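Inspection log for the structure reproduced underneath, given as structure tokens.
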Amino acid sequence: MSAVLDLGPRRHPRRMSLTPMIDVVFLLLIFFMLASRFGMDAVLPIAGGAEGAVSDWQGAPRLVDVAPDALRLNGEALAPEALAPALSALLPDPGAGVILRPQEGADLQRLVDVMDLLTSAGIGNLILIEGP
């Protein structure tokens, strides 16, 4: 003989509420919206080789090597305040390009400082190439 165990009326499983999960999703959404930066502080106009435009180089070479502790124009060391006048003497026209080449160990802030220095001196056509 088998005994039947009676546990009372059968209870239906309770449905899980999604309200707490939706609250957490909205809190995360608000957090990421407030913690994100949607704009750019400054835009650096840099010419590169990706456009595919061909241009003839005119005038003397204008290669600026940006090292962590020095600047070199066409291989000759210059002080930062002497860079813009030396470059201006080499430019055939104000819109001519100047090539910037960061050296090993030069951080991005150093490169941006040199670009700001040249832009404030009226040299705006900067071409950034990969360093050695």
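Following the order of the structure tokens, chains are lettered A, B, ..., residues in each are numbered from 1, and ligands are numbered from 1.
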Using DSSP on the backbone coordinates, identify all residues within chain A classified as alpha helix (DSSP H); present the result as a short mmCIF file (atom, residue, chain, number, x, y, z; two decimals) with all heavy atoms, in the first residue's frame.
```cif
data_model
loop_
_atom_site.label_atom_id
_atom_site.label_comp_id
_atom_site.auth_asym_id
_atom_site.auth_seq_id
_atom_site.Cartn_x
_atom_site.Cartn_y
_atom_site.Cartn_z
N THR A 19 10.36 45.22 -13.06
CA THR A 19 10.51 46.62 -12.67
C THR A 19 11.89 46.91 -12.08
O THR A 19 12.51 47.90 -12.47
CB THR A 19 9.40 47.01 -11.68
OG1 THR A 19 8.14 46.73 -12.29
CG2 THR A 19 9.47 48.47 -11.33
N PRO A 20 12.43 46.12 -11.16
CA PRO A 20 13.78 46.44 -10.63
C PRO A 20 14.86 46.39 -11.71
O PRO A 20 15.77 47.22 -11.72
CB PRO A 20 14.02 45.35 -9.58
CG PRO A 20 12.67 44.88 -9.19
CD PRO A 20 11.83 45.02 -10.41
N MET A 21 14.74 45.47 -12.66
CA MET A 21 15.74 45.40 -13.71
C MET A 21 15.65 46.63 -14.62
O MET A 21 16.68 47.19 -15.03
CB MET A 21 15.56 44.13 -14.54
CG MET A 21 16.66 43.93 -15.56
SD MET A 21 16.56 42.39 -16.44
CE MET A 21 15.07 42.59 -17.36
N ILE A 22 14.45 47.09 -14.92
CA ILE A 22 14.29 48.28 -15.74
C ILE A 22 14.84 49.50 -15.01
O ILE A 22 15.49 50.36 -15.62
CB ILE A 22 12.81 48.46 -16.12
CG1 ILE A 22 12.37 47.33 -17.05
CG2 ILE A 22 12.56 49.82 -16.76
CD1 ILE A 22 10.89 47.30 -17.32
N ASP A 23 14.64 49.57 -13.70
CA ASP A 23 15.20 50.68 -12.92
C ASP A 23 16.72 50.70 -13.00
O ASP A 23 17.33 51.76 -13.17
CB ASP A 23 14.76 50.56 -11.46
CG ASP A 23 13.28 50.87 -11.27
OD1 ASP A 23 12.68 51.47 -12.20
OD2 ASP A 23 12.73 50.50 -10.23
N VAL A 24 17.34 49.54 -12.91
CA VAL A 24 18.79 49.46 -12.98
C VAL A 24 19.28 49.88 -14.37
O VAL A 24 20.27 50.60 -14.50
CB VAL A 24 19.28 48.04 -12.62
CG1 VAL A 24 20.75 47.85 -12.95
CG2 VAL A 24 19.02 47.75 -11.16
N VAL A 25 18.58 49.47 -15.40
CA VAL A 25 18.97 49.85 -16.76
C VAL A 25 18.89 51.36 -16.94
O VAL A 25 19.80 51.98 -17.50
CB VAL A 25 18.10 49.11 -17.80
CG1 VAL A 25 18.30 49.69 -19.19
CG2 VAL A 25 18.42 47.63 -17.79
N PHE A 26 17.85 51.97 -16.44
CA PHE A 26 17.74 53.43 -16.56
C PHE A 26 18.80 54.14 -15.73
O PHE A 26 19.34 55.17 -16.15
CB PHE A 26 16.33 53.90 -16.16
CG PHE A 26 15.33 53.75 -17.26
CD1 PHE A 26 14.20 52.99 -17.08
CD2 PHE A 26 15.53 54.36 -18.49
CE1 PHE A 26 13.28 52.84 -18.11
CE2 PHE A 26 14.61 54.22 -19.52
CZ PHE A 26 13.48 53.46 -19.33
N LEU A 27 19.12 53.63 -14.56
CA LEU A 27 20.19 54.24 -13.76
C LEU A 27 21.54 54.14 -14.48
O LEU A 27 22.33 55.09 -14.49
CB LEU A 27 20.27 53.58 -12.39
CG LEU A 27 19.15 53.95 -11.42
CD1 LEU A 27 19.27 53.12 -10.16
CD2 LEU A 27 19.21 55.43 -11.09
N LEU A 28 21.81 53.00 -15.11
CA LEU A 28 23.05 52.86 -15.88
C LEU A 28 23.06 53.79 -17.07
O LEU A 28 24.10 54.39 -17.41
CB LEU A 28 23.23 51.41 -16.32
CG LEU A 28 23.63 50.41 -15.24
CD1 LEU A 28 23.61 49.00 -15.79
CD2 LEU A 28 24.99 50.75 -14.68
N LEU A 29 21.93 53.93 -17.73
CA LEU A 29 21.84 54.84 -18.87
C LEU A 29 22.14 56.27 -18.45
O LEU A 29 22.92 56.98 -19.11
CB LEU A 29 20.45 54.74 -19.50
CG LEU A 29 20.18 55.65 -20.68
CD1 LEU A 29 21.03 55.25 -21.86
CD2 LEU A 29 18.71 55.60 -21.04
N ILE A 30 21.56 56.70 -17.36
CA ILE A 30 21.80 58.06 -16.86
C ILE A 30 23.27 58.23 -16.47
O ILE A 30 23.89 59.24 -16.77
CB ILE A 30 20.86 58.38 -15.69
CG1 ILE A 30 19.43 58.50 -16.21
CG2 ILE A 30 21.27 59.65 -14.97
CD1 ILE A 30 18.38 58.59 -15.13
N PHE A 31 23.84 57.23 -15.81
CA PHE A 31 25.25 57.31 -15.41
C PHE A 31 26.15 57.48 -16.62
O PHE A 31 27.03 58.35 -16.66
CB PHE A 31 25.64 56.06 -14.63
CG PHE A 31 27.11 55.97 -14.39
CD1 PHE A 31 27.70 56.72 -13.38
CD2 PHE A 31 27.92 55.16 -15.16
CE1 PHE A 31 29.06 56.65 -13.15
CE2 PHE A 31 29.27 55.09 -14.95
CZ PHE A 31 29.85 55.83 -13.95
N PHE A 32 25.97 56.66 -17.66
CA PHE A 32 26.83 56.74 -18.82
C PHE A 32 26.60 58.02 -19.62
O PHE A 32 27.53 58.55 -20.24
CB PHE A 32 26.68 55.50 -19.71
CG PHE A 32 27.34 54.29 -19.12
CD1 PHE A 32 26.60 53.19 -18.76
CD2 PHE A 32 28.70 54.27 -18.91
CE1 PHE A 32 27.20 52.08 -18.21
CE2 PHE A 32 29.32 53.16 -18.36
CZ PHE A 32 28.57 52.06 -18.01
N MET A 33 25.38 58.54 -19.61
CA MET A 33 25.13 59.80 -20.29
C MET A 33 25.85 60.95 -19.59
O MET A 33 26.40 61.84 -20.23
CB MET A 33 23.63 60.09 -20.37
CG MET A 33 22.92 59.24 -21.40
SD MET A 33 21.14 59.46 -21.41
CE MET A 33 20.95 61.21 -21.52
N LEU A 34 25.87 60.93 -18.27
CA LEU A 34 26.52 61.99 -17.52
C LEU A 34 28.04 61.84 -17.51
O LEU A 34 28.77 62.83 -17.42
CB LEU A 34 25.99 62.04 -16.09
CG LEU A 34 24.52 62.43 -15.94
CD1 LEU A 34 24.10 62.34 -14.49
CD2 LEU A 34 24.29 63.82 -16.49
N ALA A 35 28.54 60.63 -17.61
CA ALA A 35 29.98 60.39 -17.55
C ALA A 35 30.64 60.51 -18.91
O ALA A 35 31.87 60.57 -18.99
CB ALA A 35 30.25 59.01 -16.96
N PRO A 80 62.29 76.08 -29.52
CA PRO A 80 60.88 76.19 -29.95
C PRO A 80 60.51 77.58 -30.46
O PRO A 80 59.74 77.71 -31.42
CB PRO A 80 60.10 75.84 -28.68
CG PRO A 80 61.01 74.98 -27.89
CD PRO A 80 62.40 75.50 -28.17
N GLU A 81 61.04 78.63 -29.84
CA GLU A 81 60.69 79.99 -30.29
C GLU A 81 61.35 80.35 -31.62
O GLU A 81 60.91 81.27 -32.30
CB GLU A 81 61.05 81.03 -29.22
CG GLU A 81 62.51 81.03 -28.81
CD GLU A 81 62.83 80.06 -27.70
OE1 GLU A 81 61.94 79.35 -27.20
OE2 GLU A 81 64.01 79.99 -27.33
N ALA A 82 62.37 79.61 -32.05
CA ALA A 82 63.03 79.89 -33.32
C ALA A 82 62.46 79.05 -34.46
O ALA A 82 62.82 79.27 -35.62
CB ALA A 82 64.53 79.63 -33.19
N LEU A 83 61.57 78.10 -34.16
CA LEU A 83 61.05 77.20 -35.19
C LEU A 83 60.18 77.93 -36.20
O LEU A 83 60.36 77.78 -37.41
CB LEU A 83 60.27 76.05 -34.54
CG LEU A 83 59.67 75.04 -35.50
CD1 LEU A 83 60.76 74.32 -36.28
CD2 LEU A 83 58.82 74.03 -34.74
N ALA A 84 59.22 78.71 -35.74
CA ALA A 84 58.30 79.39 -36.66
C ALA A 84 59.02 80.37 -37.58
O ALA A 84 58.76 80.37 -38.79
CB ALA A 84 57.19 80.08 -35.87
N PRO A 85 59.93 81.24 -37.10
CA PRO A 85 60.64 82.13 -38.04
C PRO A 85 61.50 81.36 -39.04
O PRO A 85 61.57 81.75 -40.22
CB PRO A 85 61.51 83.01 -37.13
CG PRO A 85 60.87 82.94 -35.80
CD PRO A 85 60.22 81.59 -35.72
N ALA A 86 62.13 80.27 -38.61
CA ALA A 86 62.95 79.49 -39.53
C ALA A 86 62.09 78.82 -40.60
O ALA A 86 62.48 78.76 -41.77
CB ALA A 86 63.76 78.45 -38.76
N LEU A 87 60.92 78.35 -40.21
CA LEU A 87 60.01 77.75 -41.19
C LEU A 87 59.44 78.78 -42.14
O LEU A 87 59.29 78.51 -43.33
CB LEU A 87 58.87 77.02 -40.47
CG LEU A 87 59.10 75.57 -40.13
CD1 LEU A 87 57.98 75.05 -39.26
CD2 LEU A 87 59.24 74.73 -41.36
N SER A 88 59.11 79.95 -41.64
CA SER A 88 58.54 80.99 -42.49
C SER A 88 59.50 81.38 -43.60
O SER A 88 59.08 81.70 -44.71
CB SER A 88 58.19 82.22 -41.65
OG SER A 88 57.18 81.90 -40.74
N ALA A 89 60.80 81.33 -43.31
CA ALA A 89 61.80 81.65 -44.33
C ALA A 89 61.84 80.58 -45.42
O ALA A 89 62.24 80.86 -46.56
CB ALA A 89 63.16 81.80 -43.68
N LEU A 90 61.44 79.36 -45.11
CA LEU A 90 61.48 78.26 -46.08
C LEU A 90 60.20 78.10 -46.88
O LEU A 90 60.18 77.39 -47.88
CB LEU A 90 61.78 76.94 -45.36
CG LEU A 90 63.14 76.82 -44.67
CD1 LEU A 90 63.22 75.50 -43.91
CD2 LEU A 90 64.26 76.93 -45.68
N LEU A 108 52.04 62.60 -27.18
CA LEU A 108 51.06 63.33 -27.98
C LEU A 108 50.97 64.79 -27.57
O LEU A 108 50.81 65.67 -28.42
CB LEU A 108 49.70 62.65 -27.87
CG LEU A 108 48.57 63.26 -28.67
CD1 LEU A 108 48.89 63.22 -30.16
CD2 LEU A 108 47.27 62.55 -28.40
N GLN A 109 51.09 65.08 -26.28
CA GLN A 109 51.00 66.46 -25.82
C GLN A 109 52.14 67.30 -26.39
O GLN A 109 51.94 68.46 -26.77
CB GLN A 109 51.01 66.52 -24.29
CG GLN A 109 50.81 67.92 -23.75
CD GLN A 109 49.48 68.51 -24.17
OE1 GLN A 109 48.44 67.88 -24.02
NE2 GLN A 109 49.50 69.72 -24.72
N ARG A 110 53.32 66.72 -26.50
CA ARG A 110 54.45 67.43 -27.09
C ARG A 110 54.15 67.77 -28.55
O ARG A 110 54.42 68.88 -29.01
CB ARG A 110 55.70 66.56 -26.97
CG ARG A 110 56.90 67.06 -27.70
CD ARG A 110 57.57 68.17 -26.96
NE ARG A 110 58.86 68.44 -27.58
CZ ARG A 110 59.44 69.60 -27.58
NH1 ARG A 110 58.87 70.60 -26.94
NH2 ARG A 110 60.59 69.78 -28.16
N LEU A 111 53.61 66.83 -29.29
CA LEU A 111 53.25 67.06 -30.69
C LEU A 111 52.17 68.13 -30.82
O LEU A 111 52.27 69.02 -31.67
CB LEU A 111 52.79 65.75 -31.33
CG LEU A 111 52.42 65.81 -32.80
CD1 LEU A 111 53.63 66.17 -33.65
CD2 LEU A 111 51.84 64.49 -33.24
N VAL A 112 51.18 68.10 -29.96
CA VAL A 112 50.10 69.10 -30.00
C VAL A 112 50.65 70.47 -29.66
O VAL A 112 50.25 71.48 -30.26
CB VAL A 112 48.95 68.68 -29.06
CG1 VAL A 112 47.95 69.81 -28.89
CG2 VAL A 112 48.26 67.45 -29.59
N ASP A 113 51.59 70.56 -28.71
CA ASP A 113 52.19 71.85 -28.37
C ASP A 113 52.93 72.45 -29.57
O ASP A 113 52.84 73.65 -29.83
CB ASP A 113 53.15 71.70 -27.19
CG ASP A 113 52.43 71.41 -25.88
OD1 ASP A 113 51.21 71.69 -25.80
OD2 ASP A 113 53.08 70.92 -24.95
N VAL A 114 53.66 71.62 -30.30
CA VAL A 114 54.37 72.10 -31.49
C VAL A 114 53.37 72.53 -32.56
O VAL A 114 53.55 73.56 -33.22
CB VAL A 114 55.34 71.02 -32.02
CG1 VAL A 114 55.93 71.41 -33.37
CG2 VAL A 114 56.45 70.75 -31.02
N MET A 115 52.30 71.77 -32.73
CA MET A 115 51.28 72.14 -33.71
C MET A 115 50.61 73.46 -33.33
O MET A 115 50.36 74.30 -34.20
CB MET A 115 50.24 71.02 -33.82
CG MET A 115 50.80 69.76 -34.44
SD MET A 115 49.65 68.39 -34.39
CE MET A 115 48.47 68.91 -35.61
N ASP A 116 50.33 73.66 -32.05
CA ASP A 116 49.75 74.93 -31.59
C ASP A 116 50.72 76.09 -31.83
O ASP A 116 50.31 77.18 -32.22
CB ASP A 116 49.39 74.85 -30.11
CG ASP A 116 48.14 74.04 -29.86
OD1 ASP A 116 47.36 73.82 -30.80
OD2 ASP A 116 47.95 73.60 -28.71
N LEU A 117 52.01 75.85 -31.59
CA LEU A 117 53.02 76.87 -31.81
C LEU A 117 53.05 77.30 -33.28
O LEU A 117 53.08 78.50 -33.59
CB LEU A 117 54.40 76.34 -31.38
CG LEU A 117 55.60 77.21 -31.65
CD1 LEU A 117 55.61 78.37 -30.66
CD2 LEU A 117 56.88 76.41 -31.54
N LEU A 118 53.01 76.32 -34.17
CA LEU A 118 53.05 76.63 -35.60
C LEU A 118 51.75 77.27 -36.08
O LEU A 118 51.77 78.20 -36.89
CB LEU A 118 53.36 75.37 -36.41
CG LEU A 118 54.75 74.77 -36.18
CD1 LEU A 118 54.90 73.47 -36.94
CD2 LEU A 118 55.83 75.75 -36.54
N THR A 119 50.63 76.80 -35.58
CA THR A 119 49.34 77.36 -35.98
C THR A 119 49.21 78.81 -35.52
O THR A 119 48.70 79.65 -36.25
CB THR A 119 48.19 76.51 -35.41
OG1 THR A 119 48.35 75.16 -35.85
CG2 THR A 119 46.83 77.01 -35.89
N SER A 120 49.68 79.10 -34.31
CA SER A 120 49.61 80.48 -33.82
C SER A 120 50.54 81.40 -34.60
O SER A 120 50.34 82.61 -34.64
CB SER A 120 49.93 80.54 -32.33
OG SER A 120 51.28 80.16 -32.11
#
```
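The nearest approach to A:Leu126 among the residues A:Leu78, A:Ala96, A:Ala70, A:Leu18, with only C-alpha atoms taken into account, belongs to A:Ala96.
Atom CA of A:Glu104 sits 23.3 Å away from atom CA of A:Asn125.
For the pair atom CA of A:Pro102 and atom CA of A:Leu71, the separation is 9.7 Å.
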Problem - Filtered DSSP result for chain A, state strand (DSSP E), as an MDAnalysis selection string - result: chainID A and resid 63:66 71:73 76:78 98:102 126:128
Exercise for the section: Would you list the contacts of A:Leu63 as a list in words, taking every protein, DNA or RNA residue within 9 Å and counting only C-alpha atoms, but skipping same-chain residues closer than 4 positions in sequence? Expected result: Arg72, Leu73, Asn74, Gly75, Val98, Ile99, Leu100 and Arg101 of chain A
Those residues with C-alpha atoms, as a JSON list (two decimals), in the first residue's frame please?
```json
[["chain", "number", "residue", "atom", "x", "y", "z"],
["A", 72, "ARG", "CA", 64.88, 69.67, -35.41],
["A", 73, "LEU", "CA", 64.13, 71.42, -38.68],
["A", 74, "ASN", "CA", 65.64, 69.48, -41.58],
["A", 75, "GLY", "CA", 68.06, 67.83, -39.14],
["A", 98, "VAL", "CA", 55.10, 71.50, -43.25],
["A", 99, "ILE", "CA", 55.82, 67.87, -42.38],
["A", 100, "LEU", "CA", 55.79, 66.89, -38.70],
["A", 101, "ARG", "CA", 57.46, 63.62, -37.71]]
```
Problem - Atomic distance atom CA of A:Phe38 - atom CA of A:Ala106, expressed in Å with one decimal - result: 27.8 Å
